[in-house]
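Visitor: Here it is, the structure in full.
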Amino acid sequence: MILFGFRTRGKTLGQHTVGCPNCHREAMTTFSQRRSWFTLFFIPIFPISGKTTVATCNLCGFRYNVDNQKAEALFVAAA
Ligand SMILES: [Zn+2]
C-alpha cells in the first residue's frame with residue numbers, strides 16, 4: 001500500500017511595520033510563506049505550487065498576498 005497526499009508547509013518570516021491596505025494605518029504586520037507539497041508516506045517529496053507570501057495586519061487582522069521578493073527583501077536587511 002502506498003500512502004500519498006498533500007501537505008501545506010508554512011513558515012513565519014517575521015514582523016514588519018507597513019501600511020495596511022485595509023485599515024490604512026502603519027501597522028505591525030506578520031509575514032508568512034506557505035507552499036503545498038506532494039507527500040509520500042508523509043514525507044514531502046516535491047513542491048506542487050509556488051511560494052505564497054501572506055501578510056496579516058496585527059491591528060485589524062486583514063490578510064493579503066504580497067510579492068514574494070518584496071517580502072523577502074524586508075527580512076534580508078534585518079537578518
Ligand atoms: Zn489593518
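Order determines the names: the first chain of the C-alpha cells is A, the second B, and so forth; residues in each chain are numbered 1 upward, and ligands are numbered 1 upward as they are shown.
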Could I get the residue neighbourhood of ligand 1 at 12 Å, counting only C-alpha atoms and all ligand atoms, as a list in words?

Guide: Thr17, Val18, Gly19, Cys20, Pro21, Asn22, Cys23, His24, Arg25, Glu26, Ala27, Met28, Thr29, Thr30, Ala55, Thr56, Cys57, Asn58, Leu59, Cys60, Gly61, Phe62, Arg63 and Tyr64 of chain A

Visitor: Would you save the residues from that selection as an mmCIF file, in the first residue's frame, using C-alpha atoms?

Guide:
data_model
loop_
_atom_site.group_PDB
_atom_site.id
_atom_site.type_symbol
_atom_site.label_atom_id
_atom_site.label_comp_id
_atom_site.auth_asym_id
_atom_site.auth_seq_id
_atom_site.Cartn_x
_atom_site.Cartn_y
_atom_site.Cartn_z
ATOM 1 C CA THR A 17 5.708 47.755 10.136
ATOM 2 C CA VAL A 18 3.977 48.508 6.846
ATOM 3 C CA GLY A 19 0.934 50.469 5.716
ATOM 4 C CA CYS A 20 -2.154 48.269 5.805
ATOM 5 C CA PRO A 21 -4.378 48.439 2.680
ATOM 6 C CA ASN A 22 -7.469 47.748 4.781
ATOM 7 C CA CYS A 23 -7.299 49.956 7.873
ATOM 8 C CA HIS A 24 -4.823 52.441 6.341
ATOM 9 C CA ARG A 25 -2.616 52.568 9.417
ATOM 10 C CA GLU A 26 1.064 51.913 9.834
ATOM 11 C CA ALA A 27 0.694 48.517 11.439
ATOM 12 C CA MET A 28 2.936 45.772 12.711
ATOM 13 C CA THR A 29 2.359 43.077 10.114
ATOM 14 C CA THR A 30 3.209 39.384 10.244
ATOM 15 C CA ALA A 55 0.768 39.369 5.254
ATOM 16 C CA THR A 56 -1.516 39.699 8.255
ATOM 17 C CA CYS A 57 -2.198 43.098 9.765
ATOM 18 C CA ASN A 58 -1.835 42.847 13.529
ATOM 19 C CA LEU A 59 -4.259 45.710 14.102
ATOM 20 C CA CYS A 60 -7.298 44.681 12.060
ATOM 21 C CA GLY A 61 -6.433 41.074 11.166
ATOM 22 C CA PHE A 62 -6.713 41.702 7.419
ATOM 23 C CA ARG A 63 -4.789 39.130 5.322
ATOM 24 C CA TYR A 64 -3.452 39.835 1.879
#

Visitor: Which residues come within 12 Å of Asp67 of chain A, counting only C-alpha atoms, excluding same-chain residues fewer than 6 positions away, as a PyMOL selection string?

Guide: chain A and resi 31-33+50-55+73-74

Visitor: With N, CA and C atoms retained, write the just-selected residues as a PDB file, in the first residue's frame.

Guide:
ATOM      1  N   PHE A  31       4.432  38.458   8.364  1.00  0.00           N
ATOM      2  CA  PHE A  31       4.595  37.871   7.039  1.00  0.00           C
ATOM      3  C   PHE A  31       4.889  36.383   7.173  1.00  0.00           C
ATOM      4  N   SER A  32       4.140  35.579   6.429  1.00  0.00           N
ATOM      5  CA  SER A  32       4.433  34.148   6.435  1.00  0.00           C
ATOM      6  C   SER A  32       4.354  33.606   5.012  1.00  0.00           C
ATOM      7  N   GLN A  33       5.123  32.547   4.775  1.00  0.00           N
ATOM      8  CA  GLN A  33       5.143  31.931   3.453  1.00  0.00           C
ATOM      9  C   GLN A  33       4.644  30.508   3.562  1.00  0.00           C
ATOM     10  N   GLY A  50       3.825  27.183  -6.209  1.00  0.00           N
ATOM     11  CA  GLY A  50       4.810  28.197  -5.899  1.00  0.00           C
ATOM     12  C   GLY A  50       4.624  28.697  -4.481  1.00  0.00           C
ATOM     13  N   LYS A  51       5.620  29.422  -4.022  1.00  0.00           N
ATOM     14  CA  LYS A  51       5.510  30.013  -2.701  1.00  0.00           C
ATOM     15  C   LYS A  51       4.450  31.099  -2.698  1.00  0.00           C
ATOM     16  N   THR A  52       3.716  31.190  -1.618  1.00  0.00           N
ATOM     17  CA  THR A  52       2.764  32.271  -1.451  1.00  0.00           C
ATOM     18  C   THR A  52       3.121  33.001  -0.169  1.00  0.00           C
ATOM     19  N   THR A  53       3.285  34.307  -0.277  1.00  0.00           N
ATOM     20  CA  THR A  53       3.556  35.088   0.923  1.00  0.00           C
ATOM     21  C   THR A  53       2.285  35.818   1.322  1.00  0.00           C
ATOM     22  N   VAL A  54       1.899  35.625   2.578  1.00  0.00           N
ATOM     23  CA  VAL A  54       0.695  36.255   3.094  1.00  0.00           C
ATOM     24  C   VAL A  54       1.086  37.197   4.225  1.00  0.00           C
ATOM     25  N   ALA A  55       0.543  38.399   4.192  1.00  0.00           N
ATOM     26  CA  ALA A  55       0.768  39.369   5.254  1.00  0.00           C
ATOM     27  C   ALA A  55      -0.514  39.489   6.065  1.00  0.00           C
ATOM     28  N   ALA A  73      12.804  40.661   0.792  1.00  0.00           N
ATOM     29  CA  ALA A  73      13.743  41.790   0.873  1.00  0.00           C
ATOM     30  C   ALA A  73      13.625  42.513   2.221  1.00  0.00           C
ATOM     31  N   LEU A  74      12.415  42.539   2.772  1.00  0.00           N
ATOM     32  CA  LEU A  74      12.212  43.195   4.073  1.00  0.00           C
ATOM     33  C   LEU A  74      13.038  42.510   5.157  1.00  0.00           C
TER      34      LEU A  74
END

Visitor: Residues of segment 29-75 of chain A in alpha helix (DSSP H) according to DSSP, as a PyMOL selection string?

Guide: chain A and resi 68-75

Visitor: When you look at Arg7 of chain A with a cut-off of 8 Å (counting only C-alpha atoms), what residues show up, excluding the ones that are within fewer than 2 positions of it in the same chain? I need them as a list in words.

Guide: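 In the requested format, the answer is Gly5, Arg9, Ser36, Trp37, Phe38, Thr39 and Pro44 of chain A.
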
Visitor: What gap, in Å, lies between atom CA of Lys70 of chain A and atom CA of Ser49 of chain A?

Guide: 18.9 Å

Visitor: What does the structure give for the distance between atom CA of Phe42 of chain A and atom CA of Ala71 of chain A, in Å to one decimal?

Guide: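 Between atom CA of Phe42 of chain A and atom CA of Ala71 of chain A the gap works out to 29.3 Å.
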
Visitor: Write down as a VMD selection string the residues belonging to chain A that are assigned strand (DSSP E or B) by DSSP computed on the backbone.

Guide: chain A and resid 4 to 19 26 to 40 43 to 47 52 to 57 63 to 66

Visitor: Could you take the residues named above and write them with N, CA and C atoms, as a tab-separated table (two decimals), in the first residue's frame?

Guide:
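The new file out.tsv reads:
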chain	number	residue	atom	x	y	z
A	4	PHE	N	0.02	8.41	-0.11
A	4	PHE	CA	0.49	9.69	-0.60
A	4	PHE	C	-0.56	10.75	-0.34
A	5	GLY	N	-0.16	11.98	-0.41
A	5	GLY	CA	-1.11	13.06	-0.16
A	5	GLY	C	-0.46	14.41	-0.38
A	6	PHE	N	-1.08	15.39	0.19
A	6	PHE	CA	-0.58	16.74	0.04
A	6	PHE	C	-0.49	17.39	1.40
A	7	ARG	N	0.46	18.24	1.53
A	7	ARG	CA	0.63	18.91	2.80
A	7	ARG	C	1.09	20.34	2.54
A	8	THR	N	0.56	21.24	3.30
A	8	THR	CA	1.00	22.63	3.18
A	8	THR	C	1.95	22.93	4.32
A	9	ARG	N	3.13	23.37	3.95
A	9	ARG	CA	4.11	23.74	4.97
A	9	ARG	C	4.29	25.24	4.95
A	10	GLY	N	4.33	25.81	6.09
A	10	GLY	CA	4.48	27.26	6.15
A	10	GLY	C	5.52	27.66	7.15
A	11	LYS	N	6.05	28.85	6.96
A	11	LYS	CA	6.96	29.39	7.96
A	11	LYS	C	6.71	30.88	8.09
A	12	THR	N	6.93	31.36	9.28
A	12	THR	CA	6.77	32.79	9.50
A	12	THR	C	8.08	33.49	9.21
A	13	LEU	N	8.03	34.49	8.36
A	13	LEU	CA	9.24	35.24	8.03
A	13	LEU	C	9.60	36.19	9.17
A	14	GLY	N	8.58	36.85	9.70
A	14	GLY	CA	8.83	37.80	10.78
A	14	GLY	C	7.79	38.90	10.73
A	15	GLN	N	8.06	39.95	11.47
A	15	GLN	CA	7.11	41.05	11.53
A	15	GLN	C	7.77	42.34	11.07
A	16	HIS	N	6.98	43.18	10.45
A	16	HIS	CA	7.50	44.42	9.93
A	16	HIS	C	6.38	45.45	9.96
A	17	THR	N	6.72	46.71	10.15
A	17	THR	CA	5.71	47.75	10.14
A	17	THR	C	5.51	48.25	8.71
A	18	VAL	N	4.31	48.04	8.20
A	18	VAL	CA	3.98	48.51	6.85
A	18	VAL	C	2.58	49.12	6.86
A	19	GLY	N	2.26	49.89	5.83
A	19	GLY	CA	0.93	50.47	5.72
A	19	GLY	C	-0.07	49.39	5.33
A	26	GLU	N	-0.24	52.54	9.80
A	26	GLU	CA	1.06	51.91	9.83
A	26	GLU	C	0.98	50.83	10.91
A	27	ALA	N	0.97	49.59	10.49
A	27	ALA	CA	0.69	48.52	11.44
A	27	ALA	C	1.81	47.48	11.44
A	28	MET	N	2.06	46.93	12.62
A	28	MET	CA	2.94	45.77	12.71
A	28	MET	C	2.25	44.64	11.96
A	29	THR	N	2.96	44.06	11.00
A	29	THR	CA	2.36	43.08	10.11
A	29	THR	C	3.19	41.79	10.13
A	30	THR	N	2.52	40.68	10.23
A	30	THR	CA	3.21	39.38	10.24
A	30	THR	C	3.24	38.81	8.83
A	31	PHE	N	4.43	38.46	8.36
A	31	PHE	CA	4.60	37.87	7.04
A	31	PHE	C	4.89	36.38	7.17
A	32	SER	N	4.14	35.58	6.43
A	32	SER	CA	4.43	34.15	6.43
A	32	SER	C	4.35	33.61	5.01
A	33	GLN	N	5.12	32.55	4.77
A	33	GLN	CA	5.14	31.93	3.45
A	33	GLN	C	4.64	30.51	3.56
A	34	ARG	N	3.87	30.10	2.56
A	34	ARG	CA	3.44	28.70	2.56
A	34	ARG	C	3.54	28.11	1.16
A	35	ARG	N	3.65	26.81	1.11
A	35	ARG	CA	3.81	26.10	-0.15
A	35	ARG	C	3.23	24.71	0.02
A	36	SER	N	2.54	24.22	-1.01
A	36	SER	CA	1.97	22.87	-0.94
A	36	SER	C	2.96	21.85	-1.48
A	37	TRP	N	3.06	20.72	-0.79
A	37	TRP	CA	3.99	19.66	-1.17
A	37	TRP	C	3.23	18.37	-1.44
A	38	PHE	N	3.76	17.61	-2.40
A	38	PHE	CA	3.31	16.24	-2.61
A	38	PHE	C	4.06	15.38	-1.61
A	39	THR	N	3.33	14.54	-0.87
A	39	THR	CA	3.99	13.71	0.14
A	39	THR	C	3.81	12.23	-0.16
A	40	LEU	N	4.81	11.47	0.19
A	40	LEU	CA	4.78	10.02	0.06
A	40	LEU	C	5.17	9.46	1.42
A	43	ILE	N	6.23	12.02	3.86
A	43	ILE	CA	7.47	12.77	3.65
A	43	ILE	C	7.29	13.67	2.44
A	44	PRO	N	7.51	14.96	2.58
A	44	PRO	CA	7.38	15.87	1.44
A	44	PRO	C	8.40	15.52	0.36
A	45	ILE	N	7.92	15.29	-0.86
A	45	ILE	CA	8.80	14.88	-1.96
A	45	ILE	C	9.15	16.05	-2.86
A	46	PHE	N	8.12	16.75	-3.31
A	46	PHE	CA	8.40	17.93	-4.14
A	46	PHE	C	7.26	18.94	-4.01
A	47	PRO	N	7.58	20.20	-4.20
A	47	PRO	CA	6.53	21.22	-4.10
A	47	PRO	C	5.62	21.20	-5.31
A	52	THR	N	3.72	31.19	-1.62
A	52	THR	CA	2.76	32.27	-1.45
A	52	THR	C	3.12	33.00	-0.17
A	53	THR	N	3.28	34.31	-0.28
A	53	THR	CA	3.56	35.09	0.92
A	53	THR	C	2.29	35.82	1.32
A	54	VAL	N	1.90	35.62	2.58
A	54	VAL	CA	0.69	36.26	3.09
A	54	VAL	C	1.09	37.20	4.23
A	55	ALA	N	0.54	38.40	4.19
A	55	ALA	CA	0.77	39.37	5.25
A	55	ALA	C	-0.51	39.49	6.06
A	56	THR	N	-0.36	39.53	7.38
A	56	THR	CA	-1.52	39.70	8.26
A	56	THR	C	-1.32	40.95	9.10
A	57	CYS	N	-2.25	41.87	8.98
A	57	CYS	CA	-2.20	43.10	9.76
A	57	CYS	C	-2.51	42.77	11.22
A	63	ARG	N	-5.83	39.94	5.96
A	63	ARG	CA	-4.79	39.13	5.32
A	63	ARG	C	-4.76	39.42	3.84
A	64	TYR	N	-3.57	39.58	3.31
A	64	TYR	CA	-3.45	39.84	1.88
A	64	TYR	C	-2.15	39.25	1.37
A	65	ASN	N	-2.17	38.90	0.07
A	65	ASN	CA	-0.97	38.35	-0.55
A	65	ASN	C	-0.01	39.46	-0.90
A	66	VAL	N	1.26	39.20	-0.71
A	66	VAL	CA	2.27	40.17	-1.11
A	66	VAL	C	3.28	39.48	-2.01
